[in-house]
Each structure stands twice: as C-alpha cells, then as structure tokens.
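**Q** My questions all concern the structure below.
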Amino acid sequence: MAVDRQAVLAWLESLHRVYAENRDFLTELDSAIGDADHGINMDRGFSAVKAAMDADAPPGLGPVFQTVANVLIRTVGGAAGPLYGTFFLRAAAACGEQPELTPAGVVALFQAGVEGVRQRGKAEPGDKTMLDALVPAAAAMRQELNGNGSLEQILQAGAAAAEAGMLSTIPMQARKGRASYLGPRSVGHQDPGATSAWLLVRAAAAAWLGKTE
Amino acid sequence: MAVDRQAVLAWLESLHRVYAENRDFLTELDSAIGDADHGINMDRGFSAVKAAMDADAPPGLGPVFQTVANVLIRTVGGAAGPLYGTFFLRAAAACGEQPELTPAGVVALFQAGVEGVRQRGKAEPGDKTMLDALVPAAAAMRQELNGNGSLEQILQAGAAAAEAGMLSTIPMQARKGRASYLGPRSVGHQDPGATSAWLLVRAAAAAWLGKTE
Amino acid sequence: MKKLINAPEDAVRDSLAGLALAHMDVLRVFLSPLYVVRLDAPVQGKAGVISGGGSGHEPMHGGYVGKGMLDAACPGQVFTSPTPDQIEAATLAVNGGAGVLHIVKNYSGDIMNFEMAAELCQAKGVEVRSVVVQDDVAVENSLYTAGRRGVGTTVLAEKICGAAAERRYDLPRLEALCRRVCENGRSMGMALAPCTVPAAGRPTFQLGEDEMEMGIGIHGEPGRERVPVMSAREVAERLSEAVLADLPFREGDRVIAMVNGMGGTPLMELYIVYHELARLLKGKGIAIARRLVGNYITSLEMAGCSITLLRADDEMISLWDDPVMTPGLRWGV
Amino acid sequence: MKKLINAPEDAVRDSLAGLALAHMDVLRVFLSPLYVVRLDAPVQGKAGVISGGGSGHEPMHGGYVGKGMLDAACPGQVFTSPTPDQIEAATLAVNGGAGVLHIVKNYSGDIMNFEMAAELCQAKGVEVRSVVVQDDVAVENSLYTAGRRGVGTTVLAEKICGAAAERRYDLPRLEALCRRVCENGRSMGMALAPCTVPAAGRPTFQLGEDEMEMGIGIHGEPGRERVPVMSAREVAERLSEAVLADLPFREGDRVIAMVNGMGGTPLMELYIVYHELARLLKGKGIAIARRLVGNYITSLEMAGCSITLLRADDEMISLWDDPVMTPGLRWGV
Ligand SMILES: Nc1ncnc2c1ncn2[C@@H]1O[C@H](COP(=O)(O)OP(=O)(O)O)[C@@H](O)[C@H]1O
Ligand SMILES: Nc1ncnc2c1ncn2[C@@H]1O[C@H](COP(=O)(O)OP(=O)(O)O)[C@@H](O)[C@H]1O
Ligand SMILES: [Mg+2]
Ligand SMILES: [Mg+2]
Ligand SMILES: [Mg+2]
Ligand SMILES: [Mg+2]
C-alpha cells in the first residue's frame, strides 16, 4: 500500500475541512495562553491551499508540497506560518521525484518535516509547542516502521502519539512562543499549536487509510 | 410667624443633605434624558454652600443669599449653575435689608427667584424644565397668601404644587435644555431639574415649619 | 466603573496637571479658577480666541491651546459646562487689547455661563464676541427647541479662527469668519457602546449586544434612534447622507472632512469609516480638500464615531494649512 | 462583538485603504503583497528603516511611515505577524542602495517571518540588518524562554532611527544606534478591559468588575497577574517601579517617557497617569527630557495603559527632535 498524489490531495482537502471545523476551538485555546488567532491563521492558510490546489495542482508529489509550503508561508503569518511552511518545504524535499510514497517514504516525510520545524523554531520537546505533538509522532512512526508495521499501523501510531503529546502540553510551562510570556500561568492549558499538529497527523491517517474525517 | 436668618441657614443646611441624599437619584434621572450630572452638580454646589456658610456666614438675609448665589455660580456649572445662581441672586435682591421674612416676604422671594430663572433660561412652563415645578409653586404660594393663608399653608401649597409640576413633566416632550435634543424620546421621563426644584421648595417648607427632612 | 483615576472628583484637575507637565513649552494651567492658557498670552494686538465646555471630550478643548489655535480653554467638570468666573478669568488673561472671541457650543449650560461671563468682561471694558456652534444634524433645528448641539465643527472652527487671529484678523472679521465656518459645518455621530461619567459610576445608557445608537451627542446621552448594528459602510452612509442633505452639500463642493472617534474606538476602525466616506463623497463629486481621522472631540470612552463636513472656501483652507502647535493638533512647526 | 468594520477578514485592508486615502501626501499602500511605503521611496543613498507586525496596534506601524521615521511598514492580520513576502517586497521597495534596517518586535512569529524575509533579500543582494526589540519587563528574561516581548520602545526606536537614517547614518551605525535604544528602553503595561480580535469575535480574556491585569502585552493576551483595581497613582507606581528597577534607571538619568493608551482609554486618564509618573520620576531625580502621552502602540480597543522609559543620551534626544511627518507623529514640518 502506498500514498499516491491523489491521496496527498485528499489529505490537503481534508485539512481544509478540519481546520475550518476547528477554527474556533484552536482560537479558543490560543486565547487562553496566546493571542486568539491560531485557528483563524490555520483556517486562512488551508483555505488558501485548497484554492491553490483547486485552481492548479502541480504534477508530482514534491511540487504539490512545495506549493503548499509557499501558500502557507504567504498566507498564515504568525508563528504557525513559518513553522508549517517549513514542514512542507522539507516534506517536498523528502519526496524528491518519487511519484508515490512507500511506508518508509511517509515516515521520512514526517521526520524531515518535523526536523524542519525544530530548526526553524529553535524549540525542543517540553517547551509546550507543536513539537510536543510532532516529535513523538515522528518517533512513533519510525518505530512502527522499524518493527515492520503496516502503513496503517504507522499512521495510527503517529496519530496516537501526536494526541498523547498534545495532551502532555497541558501541565507544561511554556518556554517558547507567546505562551512563554505567561510564565507559570501557561500551566494547565493545552497548546494550540500542538493541537493543530495532532489534527494534521490524524487527518493524514484518516485520508490515507481511506476514511474520511 | 416669620422666617429669620437662623431658619434660612437651616434651609441651606438641609439642602446640603437633601442633594447629597438625592445625588444618585437626580443623576439617574439626568442620565435618561440628559448627561448624567445633575445630582453631582447640585451636590457639589450645595456642599460648597455649606462649606461657605460654616466658614463665614455673612450677617443679614440678603448677604446670605448673595453668597449662596456666588457659590452656586462658581461651583455648579452646567445649566443648573446659572439658573439656581440667578434664583438666589434675585432672592437676595428681594430680601433687601429685611432682617426676617414675613409670609409675604417669603412669597416675594420665591416669585423673584422664579422670575430670574425664567429670564436666564428663556424657557416657559411646558418646556419640561425646572420651571414646570417652580412657576406653579410660586403661583400657589401667591394664591395662599392672597387668601390669607398661614406661612404653613403657603409653604405646603408651594411644595405640593412643585411636586405636581414635577410630575407633570413626565409626559412632556422637552423643548429646552439637553433633553430637547432627544425630541420625542424625552417623553415619559421626569425632568431632573424639576425634581431638584421640588426638593428645594419642599426643603424650605420642612425647614421653616420646624420639621427636619 | 474601571478608570485610571485617583478619585472621581479629582479627575479633571489631575488630568490638567498632567497636560501642563507634558506640554509646558506650549501652555500653562491655572487652578483657581481653572483654565488652560497659551504660554505667551496675552499676545499684544491679537484678538484672543477662547473656548470651553465640560471635560471628557479630550483633546478638546485644553489640547487645542497653543500657537495657531486657542489662546485659552475653560474646562468644566466632566460633561458640565464651566462657570462664569473661569471664563472671565481666561478672557482677561488672553486679552491683548484687541478683544476676545468666545466659541461656544450650543448647550443651555454653556450658553448661560458664557453669557454671564461675557457680561462680566464687558463690564470690565473687554470686548467679547460670541459665536455659537450648532452643527449636529441629528437634532431638529426648530424655533421651539434649544436648537442643535455643537459638536465636531467646533474643532474646525477653533483651528481656522485660531489661525486667523494669528494673522491679526480684527475681532469683527474673526467673528464673521467663525460664523461662516459654523454655517457651513455639519456633523452627526453614533455609538456602539456608552461611556461612564466618573462621578456617576454607571454607564449613561444601556445598549444590547446587537444595537447601536444613531444621532448621539458628545455627552453620553442617548441618541435619537436605536437601530441594529450595521457595517462600517452603512454607518458611513447613514451619517454622511444626513450631513450632506442638511446644508445641503452639492457636487463641486470642497470640504474639510473629519472622521472623529468617540474615545473608545480604535484608529483602525476610524480609517475604515474614512475609506467609506471618501468613496461616498467621490461618488457625489464632492472633493475632500483636507481631513482629520482620529480622536478629536470625544465622549470619554464611548465607542463610536462622528462625521463632520465643512464646506470650505479658499480662505478657510489656507487658514487650515497655517502652522499650529498644540498638544492635540500640530503641523508646520 | 460590535465594531465599525465591514467584515472581519476585510478590516485590515479597508483600514489601510483609508490610511492611504487620508495621507496620500505621505505614503502609499501596496496590496499584493500588503505593505505601506513612504511616497518618495526609495531615497537614494539613505538606509531604509522598516518595521512591521500584526495589525491592531494602530497607529503603529503604518501610521509611522513617512519622512523622518519608517520607510515602510508591513502589516499582518490582526495580532498576526506579516509574512516573508510582504517584508521582502517592502525591503526591496525602500532599498536606496544603502541597505535596510529591520526593527522587529520579539515574538516567535515576527522573528521567524522577518528572518525568512531577510534571507530572501540577502539572496537578492540587499543588505539587511535586524534589531529585535524586547523591552517588556513584565516578562522574565531568561535563556530558557522566548525572551521578552517587544512593546513601547519600538515606537521610540522607529522615531530615533528614522531620524538617523534621514541624517544619512550608514547601516552599521544605524544598527548600533537601534541596539542602543533597545538596550536602554523598558516598558510595562496593564489592562482594565480586554479587546476582541475581529475574526475571533470574543474578548481575549475576561475580567471581573473589580479586577485588572498587570503585565499585559499588546495582543490582548492575559498578563502575569490579576489584581484588584487600583488608583491611577498606584498603577503608575507599580508600572514605573518595575520599569525603573529593571535597567536600572538611576538618579540623574534623562529619559524619553511615553504614557501609552491601549486603545480604549480616554486621553484624560492618560494625562492623569502621566501626572503621577512625572511626580514619581521627579522624586527619584530622573529628568523627563521628552515625552509622549497618547495612543501610540495599542491593542485594539483594550482599556489600559503602558509606561515606557528610554534612558536617552544627547544623540537620541537630538534625533528625537528632528522633523517627522507621519500620520501618527508629526513635528518640525
Ligand atoms: N519557536 C517555536 N517552535 C515551535 N512551535 C512554536 C514556536 N513558537 C510558537 N510555536 C507554536 O505556534 C503556536 C501558535 O501559533 P499562532 O497562534 O498561529 O502564532 P502566534 O503565536 O504568532 O500568534 C503555539 O501554540 C506553538 O505551538
Ligand atoms: N433653559 C432652561 N431653562 C430652565 N431650566 C433649564 C433650562 N435648560 C435646562 N434646564 C434645567 O436644567 C436641568 C439640567 O441641569 P444640569 O444637568 O445640571 O445641567 P446640564 O443640562 O448642563 O447638564 C434640566 O433638567 C432642566 O430642568
Ligand atoms: Mg496566536
Ligand atoms: Mg445634566
Ligand atoms: Mg452637564
Ligand atoms: Mg498571532
């Protein structure tokens, strides 16, 4: 089983819906420890991605991700724009010329993307950011792959780890991003970026396992 | 029975209390059809009057009223300042050199004061202003006097007429003062100035008939 | 009530003390009686220009004292007109031998207090001319009412007449100019949220989450009409149409336009309203020669805006461009 | 949510369209990508000075574009930093051959977006230097956090560096000056009432009738501490003591002081706070050489204020006094 261009487009399409539906929820989370725009930012970005794909989706996987990156970088702004933009920039590079992704290709894509986020944001797991969802997700996927797990197992492990990672941000005190300005008052709130990151991984699992969200 | 300087000072003293107690009520009335300051203005003015009297009440009746006028003009501001200021200016003139007021003197004082208010404000009864309480009060006092009423009857007739006049402002549409800007929306509200005018007359009745308010 | 004050009864004085400290190169504040006066007053041979009124409309009037605008301002308590002794003292302080113009907003209280002051000054031999601003088209102008409120045109009249006095217009010419400005200026305002007079401690009116007041004044008083919340475009339309129809303004007119914030509305929104206004006027062939967008005549922290249009001739525009150096308006110096 | 807007998603653009119409003698607005640029940009041989950030802080930054201050500003969505393409386009538009200074407020998003833009510009051969403002003493400065927020000092840095660029400081000297300003500036803010991001439609936090937030930033975010409402005097004390202790400022220092309104607080209250601040500083032997009192770096309609103090040397004060002609700050011209 492999992830082809059609599946990638379905993922992007579903992300548009997911962020539209979770716009208020993410914004709500961001208003507790940030500036109340994360859901708005993600929704704006993935609406623009959808529009770009509807208008003219480039051929191949790499070019699709490259376009996603450019659109996100130009439309999201804030912290999430450069971070998710960089995720897809690295994803594009990881795809290279491949016409579709093997399970190993999927894991490589996520690992490259997550590494990009880490470099761009100079944060580490434990800082109460999207990395707390992304890093465990990529690690869990790698582990399933190493244990010869199926694409289904890989994706489900990734989504489960992302969810656990997201929940792990609740008791954390933020050390990066806007929430860090709150100091101890950031404790007890779920990080909006970790939440949007979980949605990203979960949507991939859903789209690529043929389930619609 | 006559009104001496002591009784006049008692009236002023009681006005200080009356306007302090009715500060919020008058301001409330003024916030419905005006700018929410009438109670504050009256309270500020009669606090200053009390302070001036406590510090150095001039001898005689005329000089006392003259001082009241000056203090009100300097401290009240708004529409009420010049109007009540003029009331007491004319009251001072009406007293002249008299050491105390006969019932006729009391009526003359109110009539002169009310006439001053009418000239200063260029309003007429029916315009929904303090004149709607003051003009009937002065007229009722004059009528009692003409019918040989006692000071008590004169003052009670004045207070009753002021109260009725005050209530008569409720259905009126304002044609003078701030409330007139509201046009038909001024209907259904009691005029704050008519209310403070009723308090003024009622306090005179109470103070000069030996009852405290 | 939440306000950055010490005590309600000290708010006006504390604020003027701050104004004085912040702008000691421009003005001075006298406390008893209370007035704000240009540092170099009286300017010999120059007619003085004075205004005043209740406080709570900042920067008006204290913030418009300085070279090229007001010689003095008389601040009353919040939303309460000043008293004759203040106005008299300010008039005497700025009289440079050429008399003094009183720019008075049309409120019973202001009219009566300025009138009493003018009588006192005239008795002391100082010539005083008074012009009453009554530009609020939300109020019906009728022989049987107190007439219209004075609102936004006041700011424009103070700037233009201040410049004219600086050019040494004599008092009758200054008075005539001021009347001309008042005759050609019209305003209307609206509110999204009320304000709270410090001493009263409660909002002056209540508005539902989806209501707004059209035709408010600048004293937190309710307007003429309560309507459902509208877009900035509709608000600009409603206000400007009432303003335009009243004079009436015509195709080919040139105007000085002001989009004024009531105190609690962000600048971002005022520029949105200005954008709509500019489009509307362009569509009608009316040229905006000069403009102000910002908080110029406010009503404490009220949320909302007003639009003022002044049909301006060359003289007014040239006077508008003259240098002005006050805390609230400054250019050319 | 009640706002004078047409639609939440159009607010920033509509407002900039209004800014452009109101100030066409000073600046121009490009729409795609979105940036505000000085009319006569690029000025040959002059280093460019650029800033930008989320919208909702008006007049910052678009209102500070003009002679003597910013060459361009990049406005993001409300409270959302601008994107690299905007910053790149603005940088290229103002490059007069002498490079461009980016004044960046310390927020993860701003830092990353400006960083990406600087890389893009440098790849095109335009020299870019970036200085990060991080002056908010409410935030602990630690190696283990994102550091302090950039707030009020940004306005002062933009004015001073804009003047220096006008005097033809070269880019390294400009950068060094900007760093010096940032190192010597400190701020802290508080809120009496929150604000509502148009697209979110709900207040960013809730405050009880007798509570206030100390140590807020400029994005409607909750502060560090919720405390009972205090008098203006206590607020000025709390804010200024935190600011003074941090640098620390010392007896004999000269400062440029700013009492800034968060958008929904009337000028009257800001002058009351300035009065308290001036008394406090006088008591400590610190001289206020120059000051600003008003709405300069706001947070939509939030009610509250911030205090910024910049320990200023002769050079900074002289640059401060240089002419500036922007919608938000104007003097000497
Ligand atoms: N340096 C960083 N590294 C990784 N993630 C970060 C960093 N800074 C912020 N984030 C993430 O970005 C999220 C906020 O995104 P968003 O609200 O769109 O941007 P902003 O904070 O600029 O308003 C945070 O919840 C956090 O997960
Ligand atoms: N021209 C007038 N003649 C008589 N009374 C007037 C006139 N104008 C206003 N008033 C009275 O003054 C009252 C308001 O006083 P106040 O609130 O103190 O002054 P302001 O209207 O200036 O705020 C009104 O309720 C009305 O009774
Ligand atoms: Mg955010
Ligand atoms: Mg009143
Ligand atoms: Mg009043
Ligand atoms: Mg943001």
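As shown in the structure tokens, the chain order sets the letters A, B, ...; within each chain, residues go from 1, and ligands are also counted from 1 in the order they appear.
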Where in region 231-290 of chain C does DSSP assign strand (DSSP E or B), given as an MDAnalysis selection string?

**A** chainID C and resid 254:261 263 287:290

**Q** Suppose we keep all heavy atoms; can you now write the selection as a tab-separated table (two decimals), in the first residue's frame?

**A**
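Contents of out00.tsv, freshly written:
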```tsv
chain	number	residue	atom	x	y	z
C	254	ARG	N	-16.03	71.70	-2.08
C	254	ARG	CA	-14.81	71.19	-1.46
C	254	ARG	C	-15.03	71.19	0.05
C	254	ARG	O	-15.57	72.15	0.58
C	254	ARG	CB	-13.62	72.11	-1.77
C	254	ARG	CG	-12.85	71.70	-3.00
C	254	ARG	CD	-11.70	72.62	-3.21
C	254	ARG	NE	-12.06	73.98	-2.84
C	254	ARG	CZ	-11.19	74.93	-2.55
C	254	ARG	NH1	-9.90	74.67	-2.57
C	254	ARG	NH2	-11.58	76.14	-2.24
C	255	VAL	N	-14.59	70.13	0.70
C	255	VAL	CA	-14.85	70.06	2.14
C	255	VAL	C	-13.57	69.76	2.94
C	255	VAL	O	-12.62	69.18	2.41
C	255	VAL	CB	-15.89	68.97	2.49
C	255	VAL	CG1	-17.23	69.27	1.85
C	255	VAL	CG2	-15.39	67.59	2.08
C	256	ILE	N	-13.60	70.19	4.18
C	256	ILE	CA	-12.68	69.64	5.18
C	256	ILE	C	-13.50	68.58	5.90
C	256	ILE	O	-14.60	68.88	6.38
C	256	ILE	CB	-12.18	70.72	6.15
C	256	ILE	CG1	-11.42	71.80	5.36
C	256	ILE	CG2	-11.29	70.10	7.22
C	256	ILE	CD1	-10.91	72.96	6.21
C	257	ALA	N	-12.99	67.36	5.91
C	257	ALA	CA	-13.75	66.24	6.48
C	257	ALA	C	-13.08	65.76	7.76
C	257	ALA	O	-11.87	65.73	7.86
C	257	ALA	CB	-13.83	65.09	5.48
C	258	MET	N	-13.89	65.41	8.73
C	258	MET	CA	-13.34	64.82	9.95
C	258	MET	C	-14.10	63.53	10.26
C	258	MET	O	-15.32	63.53	10.34
C	258	MET	CB	-13.45	65.79	11.12
C	258	MET	CG	-12.95	65.19	12.44
C	258	MET	SD	-12.67	66.40	13.74
C	258	MET	CE	-14.35	66.81	14.20
C	259	VAL	N	-13.35	62.45	10.39
C	259	VAL	CA	-13.91	61.22	10.96
C	259	VAL	C	-13.36	61.14	12.37
C	259	VAL	O	-12.15	60.96	12.57
C	259	VAL	CB	-13.53	59.97	10.15
C	259	VAL	CG1	-13.96	58.70	10.90
C	259	VAL	CG2	-14.19	60.01	8.78
C	260	ASN	N	-14.24	61.32	13.31
C	260	ASN	CA	-13.83	61.50	14.69
C	260	ASN	C	-14.21	60.29	15.52
C	260	ASN	O	-15.32	59.77	15.41
C	260	ASN	CB	-14.54	62.74	15.25
C	260	ASN	CG	-14.37	62.89	16.73
C	260	ASN	OD1	-13.25	63.05	17.21
C	260	ASN	ND2	-15.47	62.79	17.47
C	261	GLY	N	-13.29	59.83	16.36
C	261	GLY	CA	-13.59	58.72	17.26
C	261	GLY	C	-14.15	59.26	18.57
C	261	GLY	O	-13.75	60.31	19.05
C	263	GLY	N	-13.69	58.03	21.44
C	263	GLY	CA	-12.78	57.80	22.56
C	263	GLY	C	-12.41	56.34	22.75
C	263	GLY	O	-11.29	56.03	23.09
C	287	ALA	N	-15.22	67.06	-3.22
C	287	ALA	CA	-13.78	66.85	-3.05
C	287	ALA	C	-13.37	67.07	-1.60
C	287	ALA	O	-13.74	68.08	-1.00
C	287	ALA	CB	-13.01	67.81	-3.95
C	288	ILE	N	-12.63	66.11	-1.07
C	288	ILE	CA	-12.09	66.29	0.29
C	288	ILE	C	-10.77	67.03	0.18
C	288	ILE	O	-9.76	66.47	-0.24
C	288	ILE	CB	-11.88	64.93	0.99
C	288	ILE	CG1	-13.21	64.15	1.05
C	288	ILE	CG2	-11.32	65.13	2.38
C	288	ILE	CD1	-13.10	62.80	1.74
C	289	ALA	N	-10.79	68.31	0.55
C	289	ALA	CA	-9.57	69.11	0.42
C	289	ALA	C	-8.60	68.82	1.56
C	289	ALA	O	-7.40	68.75	1.37
C	289	ALA	CB	-9.92	70.59	0.38
C	290	ARG	N	-9.11	68.67	2.74
C	290	ARG	CA	-8.29	68.38	3.91
C	290	ARG	C	-9.09	67.43	4.79
C	290	ARG	O	-10.31	67.39	4.71
C	290	ARG	CB	-7.98	69.66	4.71
C	290	ARG	CG	-7.26	70.73	3.93
C	290	ARG	CD	-5.84	70.33	3.58
C	290	ARG	NE	-5.12	71.42	2.91
C	290	ARG	CZ	-5.13	71.63	1.60
C	290	ARG	NH1	-5.84	70.84	0.79
C	290	ARG	NH2	-4.45	72.63	1.08
```

**Q** I'd like the contact shell of Asp54 (chain A) - 12 Å cut-off, only C-alpha atoms, skipping same-chain residues fewer than 6 positions apart - returned as a count of residues only.

**A** 9

**Q** For ligand 5, list the contacting residues at 12 Å or closer, counting only C-alpha atoms and all ligand atoms, as number ranges by chain.

**A** B: 27, 30-31, 33-42, 76-81, 177-179, 192-193; C: 53-56, 76-83, 107-110, 113, 197, 199-200, 218-221

**Q** Create the file for the chosen residues now, containing N, CA and C atoms and written as a tab-separated table (two decimals), in the first residue's frame.

**A**
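again09.tsv written:
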```
chain	number	residue	atom	x	y	z
B	27	THR	N	-29.09	62.17	39.32
B	27	THR	CA	-28.16	61.82	38.24
B	27	THR	C	-28.76	60.74	37.36
B	30	ASP	N	-31.14	62.31	35.15
B	30	ASP	CA	-30.44	63.06	34.11
B	30	ASP	C	-29.78	62.13	33.09
B	31	SER	N	-29.51	60.90	33.49
B	31	SER	CA	-28.87	60.02	32.52
B	31	SER	C	-29.90	59.49	31.52
B	33	ILE	N	-32.37	61.38	30.15
B	33	ILE	CA	-32.67	62.37	29.10
B	33	ILE	C	-31.64	63.48	29.06
B	34	GLY	N	-30.54	63.31	29.78
B	34	GLY	CA	-29.52	64.36	29.80
B	34	GLY	C	-28.14	63.76	29.78
B	35	ASP	N	-27.27	64.25	30.62
B	35	ASP	CA	-25.88	63.81	30.56
B	35	ASP	C	-25.37	63.32	31.91
B	36	ALA	N	-26.28	62.90	32.75
B	36	ALA	CA	-25.90	62.16	33.95
B	36	ALA	C	-25.05	62.97	34.92
B	37	ASP	N	-25.36	64.25	35.07
B	37	ASP	CA	-24.56	65.01	36.04
B	37	ASP	C	-25.39	65.87	36.99
B	38	HIS	N	-26.70	65.89	36.84
B	38	HIS	CA	-27.45	66.90	37.60
B	38	HIS	C	-27.30	66.71	39.11
B	39	GLY	N	-27.39	65.48	39.58
B	39	GLY	CA	-27.23	65.22	41.01
B	39	GLY	C	-25.83	65.58	41.49
B	40	ILE	N	-24.86	65.26	40.67
B	40	ILE	CA	-23.47	65.58	41.01
B	40	ILE	C	-23.29	67.10	41.09
B	41	ASN	N	-23.87	67.79	40.13
B	41	ASN	CA	-23.77	69.25	40.11
B	41	ASN	C	-24.40	69.87	41.34
B	42	MET	N	-25.62	69.43	41.68
B	42	MET	CA	-26.34	70.03	42.81
B	42	MET	C	-25.62	69.70	44.12
B	76	VAL	N	-21.33	75.15	40.42
B	76	VAL	CA	-22.26	74.17	39.83
B	76	VAL	C	-21.99	73.94	38.35
B	77	GLY	N	-21.86	75.00	37.58
B	77	GLY	CA	-21.69	74.85	36.14
B	77	GLY	C	-22.94	74.29	35.51
B	78	GLY	N	-22.81	73.87	34.25
B	78	GLY	CA	-23.95	73.31	33.54
B	78	GLY	C	-25.09	74.31	33.46
B	79	ALA	N	-26.30	73.80	33.22
B	79	ALA	CA	-27.46	74.69	33.15
B	79	ALA	C	-27.89	75.08	34.56
B	80	ALA	N	-27.78	74.14	35.49
B	80	ALA	CA	-28.30	74.38	36.84
B	80	ALA	C	-27.56	75.50	37.55
B	81	GLY	N	-26.27	75.66	37.27
B	81	GLY	CA	-25.48	76.68	37.96
B	81	GLY	C	-26.01	78.08	37.73
B	177	GLY	N	-33.17	72.90	27.08
B	177	GLY	CA	-32.18	72.09	27.77
B	177	GLY	C	-31.80	70.87	26.95
B	178	ARG	N	-30.91	70.09	27.53
B	178	ARG	CA	-30.34	68.94	26.88
B	178	ARG	C	-31.38	67.91	26.43
B	179	ALA	N	-32.45	67.79	27.23
B	179	ALA	CA	-33.46	66.77	26.92
B	179	ALA	C	-34.13	67.06	25.59
B	192	PRO	N	-35.05	66.13	35.52
B	192	PRO	CA	-34.18	66.21	36.71
B	192	PRO	C	-34.22	67.59	37.37
B	193	GLY	N	-34.23	68.64	36.58
B	193	GLY	CA	-34.24	69.99	37.15
B	193	GLY	C	-35.55	70.28	37.87
C	53	GLY	N	-15.91	74.18	27.83
C	53	GLY	CA	-17.08	73.33	27.94
C	53	GLY	C	-16.77	72.26	28.97
C	54	GLY	N	-17.68	71.34	29.10
C	54	GLY	CA	-17.44	70.25	30.03
C	54	GLY	C	-16.19	69.48	29.65
C	55	SER	N	-15.58	68.83	30.61
C	55	SER	CA	-14.45	67.94	30.32
C	55	SER	C	-14.97	66.60	29.83
C	56	GLY	N	-14.05	65.74	29.39
C	56	GLY	CA	-14.45	64.43	28.90
C	56	GLY	C	-14.45	64.36	27.39
C	76	GLY	N	-14.84	72.56	32.27
C	76	GLY	CA	-15.76	72.33	33.38
C	76	GLY	C	-15.52	70.95	33.96
C	77	GLN	N	-16.36	70.58	34.90
C	77	GLN	CA	-16.36	69.19	35.35
C	77	GLN	C	-16.73	68.31	34.16
C	78	VAL	N	-16.67	66.99	34.34
C	78	VAL	CA	-16.99	66.10	33.23
C	78	VAL	C	-18.42	66.34	32.74
C	79	PHE	N	-18.54	66.69	31.47
C	79	PHE	CA	-19.82	66.93	30.81
C	79	PHE	C	-20.63	68.07	31.45
C	80	THR	N	-19.98	68.94	32.17
C	80	THR	CA	-20.66	70.05	32.83
C	80	THR	C	-19.97	71.34	32.41
C	81	SER	N	-20.74	72.28	31.89
C	81	SER	CA	-20.09	73.47	31.36
C	81	SER	C	-19.34	74.22	32.46
C	82	PRO	N	-18.32	74.96	32.06
C	82	PRO	CA	-17.54	75.71	33.05
C	82	PRO	C	-18.37	76.85	33.62
C	83	THR	N	-17.84	77.48	34.64
C	83	THR	CA	-18.57	78.54	35.34
C	83	THR	C	-18.08	79.91	34.87
C	107	TYR	N	-25.26	74.45	24.14
C	107	TYR	CA	-25.92	73.74	25.23
C	107	TYR	C	-26.39	74.81	26.20
C	108	SER	N	-27.60	74.65	26.73
C	108	SER	CA	-28.15	75.66	27.63
C	108	SER	C	-27.12	76.12	28.65
C	109	GLY	N	-26.45	75.15	29.26
C	109	GLY	CA	-25.50	75.48	30.31
C	109	GLY	C	-24.34	76.32	29.78
C	110	ASP	N	-23.76	75.89	28.68
C	110	ASP	CA	-22.64	76.63	28.10
C	110	ASP	C	-23.07	78.04	27.72
C	113	ASN	N	-23.59	80.19	30.93
C	113	ASN	CA	-22.36	80.51	31.65
C	113	ASN	C	-21.46	81.45	30.84
C	197	VAL	N	-19.64	58.47	33.26
C	197	VAL	CA	-19.14	59.67	33.92
C	197	VAL	C	-18.51	59.24	35.25
C	199	ALA	N	-17.98	60.51	38.16
C	199	ALA	CA	-18.71	60.77	39.39
C	199	ALA	C	-20.03	60.01	39.46
C	200	ALA	N	-20.55	59.60	38.31
C	200	ALA	CA	-21.81	58.86	38.31
C	200	ALA	C	-21.55	57.37	38.51
C	218	ILE	N	-22.17	64.31	22.37
C	218	ILE	CA	-20.85	64.02	22.92
C	218	ILE	C	-20.90	63.96	24.44
C	219	HIS	N	-22.07	63.72	24.99
C	219	HIS	CA	-22.19	63.69	26.45
C	219	HIS	C	-22.75	62.39	26.97
C	220	GLY	N	-22.52	61.33	26.21
C	220	GLY	CA	-23.02	60.06	26.67
C	220	GLY	C	-24.54	60.02	26.73
C	221	GLU	N	-25.19	60.98	26.09
C	221	GLU	CA	-26.65	60.97	26.11
C	221	GLU	C	-27.14	60.00	25.04
```

**Q** Using only C-alpha atoms and a distance of at most 8 Å, pull out the residues of chain C that contact chain D, as a ChimeraX atom specification.

**A** /C:1-7,11-12,14-19,21-22,56,58-59,192,209-210,229,231-233,235,263-276,278,291-293,300-301,304,330-333

**Q** With only C-alpha atoms as the counted atoms, please give the residues lying no more than 12 Å from region 114-120 of chain C, apart from itself and same-chain residues fewer than 2 positions off, as a PyMOL selection string.

**A** (chain B and resi 73-74+77-79+81-83+85-86+120-121) or (chain C and resi 50-53+74+76+81-92+99-112+122-132)

**Q** If I take CA of Leu319 (chain C) and CA of Asp40 (chain D), how far is one from the other in Å, to one decimal?

**A** 27.0 Å
